[in-house]
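For reference, coords_16.txt is printed below; it contains compact mmCIF, C-alpha atoms.
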# COMPACT_ATOMS: atom_id res chain seq x y z
CA MET A 1 134.88 90.28 83.28
CA THR A 2 131.37 90.95 81.97
CA ALA A 3 129.16 92.86 84.40
CA SER A 4 126.10 91.04 85.72
CA TYR A 5 122.89 92.66 86.98
CA TYR A 6 120.19 90.48 88.56
CA ALA A 7 116.59 91.63 88.10
CA PRO A 8 113.36 90.04 89.39
CA HIS A 9 110.84 88.55 86.98
CA GLY A 10 107.98 87.83 89.40
CA GLY A 11 105.93 84.66 89.08
CA HIS A 12 104.85 82.43 91.98
CA PRO A 13 106.43 79.38 93.62
CA PRO A 14 104.62 76.03 93.40
CA GLN A 15 102.32 74.85 96.18
CA THR A 16 104.89 72.16 97.01
CA ASP A 17 107.53 74.67 98.16
CA LEU A 18 108.26 75.19 101.84
CA LEU A 19 107.17 78.51 103.32
CA THR A 20 110.53 79.13 105.03
CA ASP A 21 112.51 82.03 103.61
CA ARG A 22 115.10 84.59 104.69
CA ALA A 23 112.81 87.63 104.98
CA VAL A 24 113.19 89.43 108.29
CA VAL A 25 112.25 92.81 109.76
CA THR A 26 114.05 94.08 112.86
CA GLU A 27 114.46 97.45 114.56
CA ALA A 28 117.92 97.81 112.97
CA TYR A 29 117.48 96.37 109.46
CA THR A 30 115.10 94.73 107.01
CA VAL A 31 115.97 91.94 104.57
CA ILE A 32 113.74 91.32 101.53
CA PRO A 33 115.10 88.26 99.71
CA ARG A 34 114.52 87.81 96.01
CA GLY A 35 112.07 84.97 96.65
CA VAL A 36 109.64 87.52 98.10
CA LEU A 37 109.46 89.52 94.86
CA ARG A 38 106.42 87.78 93.41
CA ASP A 39 103.50 88.94 91.28
CA ILE A 40 101.12 89.24 94.24
CA VAL A 41 103.20 91.96 95.96
CA THR A 42 103.57 94.36 93.02
CA SER A 43 102.02 97.81 92.77
CA VAL A 44 100.98 99.87 89.76
CA LEU A 45 102.10 103.50 89.80
CA PRO A 46 99.99 106.58 88.99
CA GLU A 47 100.94 108.29 85.70
CA TRP A 48 102.81 105.19 84.47
CA GLU A 49 101.68 102.87 81.66
CA GLY A 50 102.66 99.23 81.16
CA THR A 51 104.42 99.26 84.50
CA ARG A 52 104.50 97.39 87.78
CA SER A 53 106.78 97.86 90.77
CA TRP A 54 108.06 96.23 93.93
CA ILE A 55 108.38 98.84 96.67
CA LEU A 56 111.47 97.87 98.66
CA ASN A 57 111.65 100.75 101.12
CA ARG A 58 109.49 103.60 102.32
CA PRO A 59 109.95 105.81 105.40
CA VAL A 60 108.38 103.98 108.34
CA SER A 61 108.79 104.33 112.08
CA GLY A 62 111.67 102.17 113.28
CA GLY A 63 113.15 101.78 109.80
CA ALA A 64 115.16 103.75 107.26
CA THR A 65 113.37 107.09 106.88
CA THR A 66 115.28 109.25 104.38
CA PHE A 67 114.35 107.56 101.10
CA ALA A 68 112.10 105.31 99.06
CA GLN A 69 113.41 102.58 96.77
CA LEU A 70 111.53 100.67 94.10
CA LEU A 71 112.21 97.94 91.59
CA VAL A 72 110.32 98.91 88.44
CA GLU A 73 109.40 96.72 85.45
CA VAL A 74 108.23 98.50 82.30
CA GLU A 75 106.90 96.74 79.22
CA PRO A 76 108.23 97.84 75.79
CA GLY A 77 106.65 101.18 74.93
CA GLY A 78 105.54 101.75 78.52
CA GLY A 79 106.71 104.43 80.88
CA SER A 80 105.60 107.87 81.99
CA ASP A 81 105.53 111.50 80.92
CA HIS A 82 105.08 112.54 84.58
CA PRO A 83 107.01 109.94 86.60
CA GLU A 84 107.79 111.92 89.77
CA PRO A 85 104.71 113.18 91.65
CA GLN A 86 106.59 115.41 94.14
CA PRO A 87 108.59 118.41 92.86
CA GLU A 88 110.75 118.45 95.99
CA VAL A 89 111.97 114.88 95.35
CA GLN A 90 115.10 113.92 93.41
CA GLY A 91 115.65 110.51 91.87
CA LEU A 92 118.26 108.12 90.58
CA ILE A 93 117.50 105.30 88.15
CA PHE A 94 119.84 102.33 87.68
CA LEU A 95 119.03 99.89 84.87
CA MET A 96 119.57 96.12 85.22
CA GLU A 97 117.78 94.75 82.13
CA GLY A 98 116.40 96.06 78.83
CA THR A 99 116.77 99.56 77.44
CA LEU A 100 115.34 102.90 78.57
CA GLU A 101 115.07 106.36 77.08
CA VAL A 102 115.11 109.19 79.61
CA THR A 103 114.25 112.63 78.24
CA TYR A 104 115.45 115.62 80.26
CA GLN A 105 115.33 119.26 79.16
CA GLY A 106 114.56 118.22 75.60
CA GLU A 107 117.49 115.80 75.29
CA THR A 108 116.96 112.02 75.19
CA HIS A 109 119.48 109.70 76.82
CA GLU A 110 119.50 105.95 76.12
CA LEU A 111 120.30 103.67 79.03
CA THR A 112 121.52 100.08 78.66
CA PRO A 113 122.28 97.67 81.55
CA GLY A 114 124.58 99.40 84.00
CA GLY A 115 123.22 102.78 82.87
CA PHE A 116 122.02 105.40 85.32
CA ALA A 117 120.25 108.76 85.37
CA TYR A 118 120.21 111.25 88.24
CA LEU A 119 117.25 113.65 88.00
CA PRO A 120 117.31 116.74 90.26
CA ALA A 121 114.27 117.79 92.26
CA GLY A 122 111.87 120.20 90.61
CA GLU A 123 112.77 119.20 87.04
CA GLN A 124 110.49 117.60 84.45
CA TRP A 125 111.57 114.38 82.79
CA ARG A 126 110.08 111.48 80.83
CA ILE A 127 110.94 107.81 80.65
CA ARG A 128 110.12 105.05 78.14
CA ALA A 129 111.14 101.41 77.73
CA THR A 130 112.45 100.65 74.26
CA GLY A 131 113.42 97.40 72.58
CA ASP A 132 111.62 94.06 72.54
CA ALA A 133 111.89 93.10 76.23
CA PRO A 134 110.81 94.73 79.51
CA ALA A 135 113.14 97.19 81.20
CA ARG A 136 113.87 96.50 84.86
CA PHE A 137 115.51 99.11 87.06
CA ASN A 138 116.04 100.45 90.57
CA TRP A 139 114.50 103.83 91.31
CA ILE A 140 115.78 105.65 94.41
CA ARG A 141 113.79 108.70 95.54
CA LYS A 142 114.81 111.20 98.22
CA ARG A 143 113.41 114.56 99.29
CA TYR A 144 116.16 117.01 98.40
CA GLU A 145 117.68 119.12 101.19
CA PRO A 146 118.66 122.45 99.53
CA LEU A 147 121.98 124.07 100.41
CA ALA A 148 122.65 127.73 99.58
CA GLY A 149 125.16 128.14 96.78
CA HIS A 150 125.02 124.52 95.65
CA VAL A 151 122.71 123.29 92.88
CA PRO A 152 122.87 119.67 91.64
CA THR A 153 122.91 118.94 87.92
CA ALA A 154 121.45 115.94 86.10
CA GLN A 155 123.88 113.07 85.52
CA PHE A 156 123.73 110.31 82.90
CA GLY A 157 126.19 107.48 82.31
CA ASN A 158 127.01 103.81 82.70
CA GLU A 159 128.87 102.37 85.65
CA GLN A 160 130.99 100.27 83.31
CA ASP A 161 132.52 103.47 81.94
CA LEU A 162 133.55 104.76 85.38
CA GLU A 163 136.82 103.96 87.13
CA PRO A 164 136.25 102.36 90.55
CA SER A 165 138.27 103.44 93.57
CA GLY A 166 139.98 100.71 95.59
CA MET A 167 139.70 100.77 99.35
CA PRO A 168 143.09 101.34 101.02
CA GLY A 169 144.99 98.20 101.93
CA THR A 170 142.78 95.81 99.95
CA ASN A 171 144.82 95.40 96.74
CA ASN A 172 141.66 96.52 94.89
CA ALA A 173 139.70 93.51 96.14
CA TRP A 174 137.15 95.92 97.68
CA ARG A 175 136.32 98.86 95.43
CA THR A 176 133.63 101.47 94.90
CA THR A 177 132.23 102.96 91.69
CA ARG A 178 130.67 106.33 92.51
CA LEU A 179 127.78 107.41 90.31
CA LEU A 180 127.70 110.90 91.89
CA ASP A 181 130.67 113.04 92.95
CA PRO A 182 131.10 112.35 96.70
CA ASP A 183 132.83 115.68 97.31
CA ASP A 184 130.16 117.85 95.67
CA LEU A 185 127.94 119.35 98.37
CA ALA A 186 125.18 119.87 95.82
CA TYR A 187 124.33 116.18 96.25
CA ASP A 188 122.80 115.10 99.54
CA MET A 189 122.92 111.40 98.69
CA HIS A 190 125.47 109.00 97.25
CA VAL A 191 124.66 106.04 95.03
CA ASN A 192 127.57 103.65 94.46
CA ILE A 193 128.34 100.23 93.04
CA VAL A 194 130.37 98.33 95.62
CA THR A 195 132.42 95.34 94.45
CA PHE A 196 134.14 92.63 96.48
CA GLU A 197 136.36 89.97 94.98
CA PRO A 198 135.69 86.43 96.32
CA GLY A 199 136.98 86.24 99.89
CA ALA A 200 137.23 90.01 100.39
CA VAL A 201 135.73 91.45 103.57
CA ILE A 202 134.62 94.58 105.35
CA PRO A 203 137.07 94.00 108.22
CA PHE A 204 135.28 96.01 110.90
CA ALA A 205 131.73 96.72 111.98
CA GLU A 206 130.80 99.93 110.15
CA THR A 207 128.59 101.94 112.49
CA HIS A 208 127.52 105.33 111.13
CA VAL A 209 124.72 107.83 110.82
CA MET A 210 124.06 107.16 107.13
CA GLU A 211 121.09 104.97 106.25
CA HIS A 212 121.53 102.36 103.52
CA GLY A 213 119.49 100.74 100.81
CA ILE A 214 121.43 97.79 99.35
CA TYR A 215 120.31 95.85 96.26
CA ILE A 216 122.58 92.93 95.34
CA LEU A 217 123.42 92.84 91.65
CA GLU A 218 125.71 89.80 91.58
CA GLY A 219 127.12 87.05 93.78
CA LYS A 220 126.60 86.06 97.38
CA ALA A 221 127.98 86.90 100.82
CA VAL A 222 127.47 86.58 104.53
CA TYR A 223 126.55 89.99 105.93
CA ARG A 224 126.80 91.08 109.55
CA LEU A 225 123.73 93.19 110.36
CA ASN A 226 123.58 94.47 113.92
CA THR A 227 124.18 91.25 115.93
CA ASP A 228 123.20 88.78 113.21
CA TRP A 229 125.04 87.01 110.38
CA VAL A 230 122.71 86.89 107.36
CA GLU A 231 123.30 85.03 104.08
CA VAL A 232 122.45 87.17 101.04
CA GLN A 233 122.61 86.63 97.28
CA GLU A 234 121.99 88.45 94.00
CA GLY A 235 118.46 89.85 93.84
CA ASP A 236 118.18 90.29 97.61
CA TYR A 237 117.59 93.70 99.15
CA PHE A 238 118.19 95.09 102.61
CA SER A 239 117.75 98.48 104.24
CA LEU A 240 119.65 99.66 107.29
CA ARG A 241 118.60 102.35 109.71
CA ALA A 242 121.13 104.84 111.10
CA PHE A 243 123.91 103.32 113.23
CA CYS A 244 123.17 99.68 112.34
CA PRO A 245 126.56 97.88 112.58
CA GLN A 246 127.51 96.16 109.32
CA ALA A 247 130.28 94.05 107.82
CA CYS A 248 130.53 91.21 105.29
CA TYR A 249 132.46 88.29 103.81
CA ALA A 250 132.17 87.86 100.03
CA GLY A 251 131.45 84.22 99.26
CA GLY A 252 132.34 83.73 95.57
CA PRO A 253 132.72 82.09 93.13
CA SER A 254 131.87 85.35 91.30
CA ASN A 255 132.33 88.90 92.54
CA PHE A 256 129.87 90.20 95.13
CA ARG A 257 128.43 93.50 93.85
CA TYR A 258 125.63 95.74 95.08
CA LEU A 259 123.94 99.07 94.46
CA LEU A 260 124.28 101.23 97.57
CA TYR A 261 122.30 104.30 98.67
CA LYS A 262 123.28 106.52 101.58
CA ASP A 263 122.33 110.00 102.79
CA VAL A 264 125.30 112.36 103.15
CA ASN A 265 126.68 115.92 103.07
CA ARG A 266 124.22 117.66 105.39
CA GLN A 267 124.39 118.85 108.97
CA VAL A 268 122.20 117.11 111.55
CA MET A 269 119.29 119.46 112.15
CA LEU A 270 118.02 119.60 115.76

Step by step, read the file and then write its structure as structure tokens.
Amino acid sequence: MTASYYAPHGGHPPQTDLLTDRAVVTEAYTVIPRGVLRDIVTSVLPEWEGTRSWILNRPVSGGATTFAQLLVEVEPGGGSDHPEPQPEVQGLIFLMEGTLEVTYQGETHELTPGGFAYLPAGEQWRIRATGDAPARFNWIRKRYEPLAGHVPTAQFGNEQDLEPSGMPGTNNAWRTTRLLDPDDLAYDMHVNIVTFEPGAVIPFAETHVMEHGIYILEGKAVYRLNTDWVEVQEGDYFSLRAFCPQACYAGGPSNFRYLLYKDVNRQVML
């Protein structure tokens, strides 16, 4: 089955549309549906050319505080020679549309849809959109928590080339493609592609310390967030604070797939 990656294109709804939408902010979670991602809510970024972004998450009181997440749209030839303003911040880019060239330590890597690049904190890198159409990608940023004896290395690849791991007892109907090695303590975050076949479920209310940023790449589902059942579809985004209960039913007819961030592999500091 061909992989599908939904990306926003902006624009504005007509004056005849109803105002009602699915956007909601609570103390446990925030849902930003794709209908909110319009031209009027974009930001330009310092040191970037031909670029606009939708900022999906930033650390705020009462919300998810460990990371920032952006949807970035770069016109052909646009990009940045100094994309990351904070040397203590690491980043992961996941491409949904177009093509990108990411240059790291003198070597250029071409990303196509499904491609990703993990860039360690403190390293210089450059990024350019190539081809005839805009590049649209997720950019996850997290302040790196150093750990003695463990140094992360840059990672480049495409999720379609990685073998997903099936969850036990699901006959592979619920599976995870891990972009970073989950057992390597050098990495203090995981970024995964989670896939559910139509009708598959998370059969219990996950309740854990890890925060989440979830961008839906394909399909639709009903998601349990804290005490609420929320309908979500491709292009929607939601962030979960620590210990927000979560579960879901995948709705079909296609697979339900999302890009998942979580903070991991560090002791709780008191």

Quick one: everything within 10 Å of segment 147-150 of chain A, counting only C-alpha atoms, minus sequence neighbours fewer than 2 positions away in the same chain. Send it as an NGL selection string. :A and (144-145 or 152-153 or 184-188 or 265-266)

Can you write just those residues out, C-alpha atoms, as a PDB file, keeping the file's coordinate frame?
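Writing the result to result_4.pdb gives the following:
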ATOM      1  CA  TYR A 144     116.160 117.010  98.400  1.00  0.00           C
ATOM      2  CA  GLU A 145     117.680 119.120 101.190  1.00  0.00           C
ATOM      3  CA  PRO A 152     122.870 119.670  91.640  1.00  0.00           C
ATOM      4  CA  THR A 153     122.910 118.940  87.920  1.00  0.00           C
ATOM      5  CA  ASP A 184     130.160 117.850  95.670  1.00  0.00           C
ATOM      6  CA  LEU A 185     127.940 119.350  98.370  1.00  0.00           C
ATOM      7  CA  ALA A 186     125.180 119.870  95.820  1.00  0.00           C
ATOM      8  CA  TYR A 187     124.330 116.180  96.250  1.00  0.00           C
ATOM      9  CA  ASP A 188     122.800 115.100  99.540  1.00  0.00           C
ATOM     10  CA  ASN A 265     126.680 115.920 103.070  1.00  0.00           C
ATOM     11  CA  ARG A 266     124.220 117.660 105.390  1.00  0.00           C
TER      12      ARG A 266
END

Distance atom CA of Asn172 of chain A-atom CA of Val222 of chain A, one decimal place?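 Distance between the two atoms: 19.8 Å.
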
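The coordinates place atom CA of Glu101 of chain A at 21.6 Å from atom CA of Asn192 of chain A.
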
For Gly122 of chain A, please output as a PDB file with C-alpha atoms, keeping the file's coordinate frame all residues within 8 Å (counting all atoms listed in the file; exclusion window: fewer than 2 positions along the same chain).
ATOM      1  CA  GLN A  86     106.590 115.410  94.140  1.00  0.00           C
ATOM      2  CA  PRO A  87     108.590 118.410  92.860  1.00  0.00           C
ATOM      3  CA  GLU A  88     110.750 118.450  95.990  1.00  0.00           C
ATOM      4  CA  VAL A  89     111.970 114.880  95.350  1.00  0.00           C
ATOM      5  CA  GLN A  90     115.100 113.920  93.410  1.00  0.00           C
ATOM      6  CA  PRO A 120     117.310 116.740  90.260  1.00  0.00           C
ATOM      7  CA  GLN A 124     110.490 117.600  84.450  1.00  0.00           C
TER       8      GLN A 124
END

Pick out the closest residue to Trp125 of chain A from this set: A:Lys142, A:His9, A:Arg38, A:His82. Count only C-alpha atoms.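 Ranking A:Lys142, A:His9, A:Arg38, A:His82 by distance to Trp125 of chain A, first place goes to A:His82.
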
Would you kindly return, as a list of chain:residue names, each protein, DNA or RNA residue with an atom no farther than 7 Å from any atom of Gly252 of chain A, considering all atoms listed in the file and excluding same-chain residues fewer than 5 positions away?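 The contact residues come out as A:Pro198, A:Gly199, A:Gly219, A:Lys220.
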
Between A:Leu92, A:Thr26, A:Pro33, A:Ala133, which one has atoms that come closest to Glu75 of chain A, using all atoms listed in the file?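 That would be A:Ala133, the residue with the smallest distance to Glu75 of chain A.
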
Choose the residue, out of A:Ile193, A:Asp183, A:Ile55, A:Ala221, that has the smallest atom-to-atom separation from Glu163 of chain A; count only C-alpha atoms.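 So, comparing all the options, the nearest one is A:Ile193.
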
I'd like the interatomic distance between atom CA of Gly91 of chain A and atom CA of Leu270 of chain A, to a tenth of an Å.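 Taking atom CA of Gly91 of chain A as the start and atom CA of Leu270 of chain A as the end point, the length is 25.7 Å.
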
Please determine, counting all atoms listed in the file, which residue among A:Gly63, A:Pro113, A:Pro83, A:Pro245 has the shortest atom-to-atom distance to Leu217 of chain A.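 Result for the nearest residue to Leu217 of chain A: A:Pro113.
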
Could the centre and edge lengths of an axis-aligned box, enclosing all atoms of segment 100-112 of chain A in the file with 5 Å extra on each side, be given in Å to one decimal as lines of an AutoDock Vina configuration file?
center_x = 117.9
center_y = 109.7
center_z = 77.7
size_x = 17.3
size_y = 29.2
size_z = 15.1

Produce a table with one row for each residue of segment 10-121 of chain A that has an atom at most 10 Å from any atom of segment 225-237 of chain A, each row naming the nearest atom pair and its distance in Å at one decimal; use only C-alpha atoms; arrange rows by chain and rising residue number; format as a Markdown table.
| residue | atom | partner | partner_atom | distance |
| --- | --- | --- | --- | --- |
| A:Arg22 | CA | A:Glu231 | CA | 8.2 |
| A:Ala23 | CA | A:Asp236 | CA | 9.5 |
| A:Val24 | CA | A:Val230 | CA | 9.9 |
| A:Thr26 | CA | A:Asn226 | CA | 9.6 |
| A:Glu27 | CA | A:Asn226 | CA | 9.6 |
| A:Ala28 | CA | A:Asn226 | CA | 6.6 |
| A:Tyr29 | CA | A:Leu225 | CA | 7.1 |
| A:Thr30 | CA | A:Tyr237 | CA | 8.3 |
| A:Val31 | CA | A:Tyr237 | CA | 5.9 |
| A:Ile32 | CA | A:Tyr237 | CA | 5.1 |
| A:Pro33 | CA | A:Asp236 | CA | 4.2 |
| A:Arg34 | CA | A:Asp236 | CA | 4.7 |
| A:Gly35 | CA | A:Asp236 | CA | 8.2 |
| A:Val36 | CA | A:Asp236 | CA | 9.0 |
| A:Leu37 | CA | A:Gly235 | CA | 9.1 |
| A:Leu56 | CA | A:Tyr237 | CA | 7.4 |
| A:Asn57 | CA | A:Tyr237 | CA | 9.4 |

Could you turn the residues from that selection into a file that holds C-alpha atoms, as a PDB file, in the frame of the given file?
ATOM      1  CA  ARG A  22     115.100  84.590 104.690  1.00  0.00           C
ATOM      2  CA  ALA A  23     112.810  87.630 104.980  1.00  0.00           C
ATOM      3  CA  VAL A  24     113.190  89.430 108.290  1.00  0.00           C
ATOM      4  CA  THR A  26     114.050  94.080 112.860  1.00  0.00           C
ATOM      5  CA  GLU A  27     114.460  97.450 114.560  1.00  0.00           C
ATOM      6  CA  ALA A  28     117.920  97.810 112.970  1.00  0.00           C
ATOM      7  CA  TYR A  29     117.480  96.370 109.460  1.00  0.00           C
ATOM      8  CA  THR A  30     115.100  94.730 107.010  1.00  0.00           C
ATOM      9  CA  VAL A  31     115.970  91.940 104.570  1.00  0.00           C
ATOM     10  CA  ILE A  32     113.740  91.320 101.530  1.00  0.00           C
ATOM     11  CA  PRO A  33     115.100  88.260  99.710  1.00  0.00           C
ATOM     12  CA  ARG A  34     114.520  87.810  96.010  1.00  0.00           C
ATOM     13  CA  GLY A  35     112.070  84.970  96.650  1.00  0.00           C
ATOM     14  CA  VAL A  36     109.640  87.520  98.100  1.00  0.00           C
ATOM     15  CA  LEU A  37     109.460  89.520  94.860  1.00  0.00           C
ATOM     16  CA  LEU A  56     111.470  97.870  98.660  1.00  0.00           C
ATOM     17  CA  ASN A  57     111.650 100.750 101.120  1.00  0.00           C
TER      18      ASN A  57
END

Pick the closest to Leu45 of chain A from A:Ile214, A:Glu84, A:Ser254, A:Thr170: which is it, counting only C-alpha atoms? A:Glu84

Minimum-distance residue to Phe94 of chain A, chosen among A:Glu159, A:Glu123, A:Asp181, A:Glu218 (using only C-alpha atoms): A:Glu159

Select all residues near (116.9, 105.0, 103.5) (cut-off 6 Å, inclusive, file coordinates), counting all atoms listed in the file, and output them as a list in words.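 The residues that fall inside the cut-off are Ala64, Thr65, Thr66, Phe67, Glu211, His212 and Gly213 of chain A.
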
Need to verify the contact set: Gly115 of chain A, 8 Å, only C-alpha atoms, exclusion of same-chain residues closer than 2 positions in sequence. Can you return it as a list in words?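 The neighbour list is Phe94, Leu95, Met96, Leu111, Thr112, Pro113, Ala117, Phe156, Gly157, Asn158 and Glu159 of chain A.
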
(111.9, 111.9, 75.8) in this file's frame - what residues fall within 10 Å of it? Use all atoms listed in the file and give the answer as an NGL selection string. :A and (80-81 or 101-110 or 125-128)

Keeping only C-alpha atoms, write those residues as a CSV table (one decimal), in the coordinates of the input.
chain,number,residue,atom,x,y,z
A,80,SER,CA,105.6,107.9,82.0
A,81,ASP,CA,105.5,111.5,80.9
A,101,GLU,CA,115.1,106.4,77.1
A,102,VAL,CA,115.1,109.2,79.6
A,103,THR,CA,114.2,112.6,78.2
A,104,TYR,CA,115.4,115.6,80.3
A,105,GLN,CA,115.3,119.3,79.2
A,106,GLY,CA,114.6,118.2,75.6
A,107,GLU,CA,117.5,115.8,75.3
A,108,THR,CA,117.0,112.0,75.2
A,109,HIS,CA,119.5,109.7,76.8
A,110,GLU,CA,119.5,106.0,76.1
A,125,TRP,CA,111.6,114.4,82.8
A,126,ARG,CA,110.1,111.5,80.8
A,127,ILE,CA,110.9,107.8,80.6
A,128,ARG,CA,110.1,105.0,78.1

Once all heavy atoms are restored for segment 168-176 of chain A, what would the output be as a short mmCIF file (atom, residue, chain, number, x, y, z; two decimals), in the frame of the given file?
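This is the output file rebuild-v6.cif:
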data_model
loop_
_atom_site.label_atom_id
_atom_site.label_comp_id
_atom_site.auth_asym_id
_atom_site.auth_seq_id
_atom_site.Cartn_x
_atom_site.Cartn_y
_atom_site.Cartn_z
N PRO A 168 141.68 101.45 100.61
CA PRO A 168 143.09 101.34 101.02
C PRO A 168 143.39 100.00 101.67
O PRO A 168 142.60 99.48 102.47
CB PRO A 168 143.25 102.49 102.02
CG PRO A 168 142.19 103.48 101.66
CD PRO A 168 141.04 102.65 101.17
N GLY A 169 144.53 99.43 101.29
CA GLY A 169 144.99 98.20 101.93
C GLY A 169 144.31 96.94 101.48
O GLY A 169 144.48 95.88 102.11
N THR A 170 143.53 97.00 100.38
CA THR A 170 142.78 95.81 99.95
C THR A 170 143.27 95.24 98.63
O THR A 170 142.69 94.27 98.14
CB THR A 170 141.28 96.13 99.81
OG1 THR A 170 141.07 97.04 98.72
CG2 THR A 170 140.72 96.73 101.09
N ASN A 171 144.31 95.85 98.04
CA ASN A 171 144.82 95.40 96.74
C ASN A 171 143.70 95.37 95.71
O ASN A 171 143.63 94.49 94.85
CB ASN A 171 145.48 94.02 96.85
CG ASN A 171 146.35 93.70 95.65
OD1 ASN A 171 146.88 94.60 94.98
ND2 ASN A 171 146.50 92.41 95.36
N ASN A 172 142.79 96.34 95.83
CA ASN A 172 141.66 96.52 94.89
C ASN A 172 140.63 95.41 94.98
O ASN A 172 139.74 95.33 94.13
CB ASN A 172 142.15 96.65 93.45
CG ASN A 172 141.34 97.66 92.66
OD1 ASN A 172 140.91 98.68 93.19
ND2 ASN A 172 141.11 97.39 91.38
N ALA A 173 140.69 94.57 95.99
CA ALA A 173 139.70 93.51 96.14
C ALA A 173 138.37 94.03 96.65
O ALA A 173 137.33 93.36 96.52
CB ALA A 173 140.22 92.43 97.10
N TRP A 174 138.37 95.24 97.23
CA TRP A 174 137.15 95.92 97.68
C TRP A 174 137.21 97.31 97.05
O TRP A 174 138.14 98.07 97.30
CB TRP A 174 137.14 95.99 99.21
CG TRP A 174 136.05 96.84 99.81
CD1 TRP A 174 134.93 97.32 99.21
CD2 TRP A 174 136.00 97.31 101.17
NE1 TRP A 174 134.18 98.06 100.10
CE2 TRP A 174 134.81 98.06 101.31
CE3 TRP A 174 136.83 97.16 102.27
CZ2 TRP A 174 134.45 98.67 102.51
CZ3 TRP A 174 136.48 97.76 103.47
CH2 TRP A 174 135.30 98.50 103.60
N ARG A 175 136.27 97.61 96.18
CA ARG A 175 136.32 98.86 95.43
C ARG A 175 134.92 99.44 95.25
O ARG A 175 133.93 98.71 95.32
CB ARG A 175 137.00 98.66 94.07
CG ARG A 175 136.44 97.54 93.22
CD ARG A 175 137.35 97.25 92.03
NE ARG A 175 136.82 96.21 91.17
CZ ARG A 175 137.08 94.91 91.32
NH1 ARG A 175 137.88 94.50 92.30
NH2 ARG A 175 136.57 94.02 90.49
N THR A 176 134.88 100.74 94.98
CA THR A 176 133.63 101.47 94.90
C THR A 176 133.59 102.29 93.61
O THR A 176 134.53 103.03 93.32
CB THR A 176 133.45 102.39 96.11
OG1 THR A 176 133.45 101.61 97.30
CG2 THR A 176 132.15 103.16 96.02
#
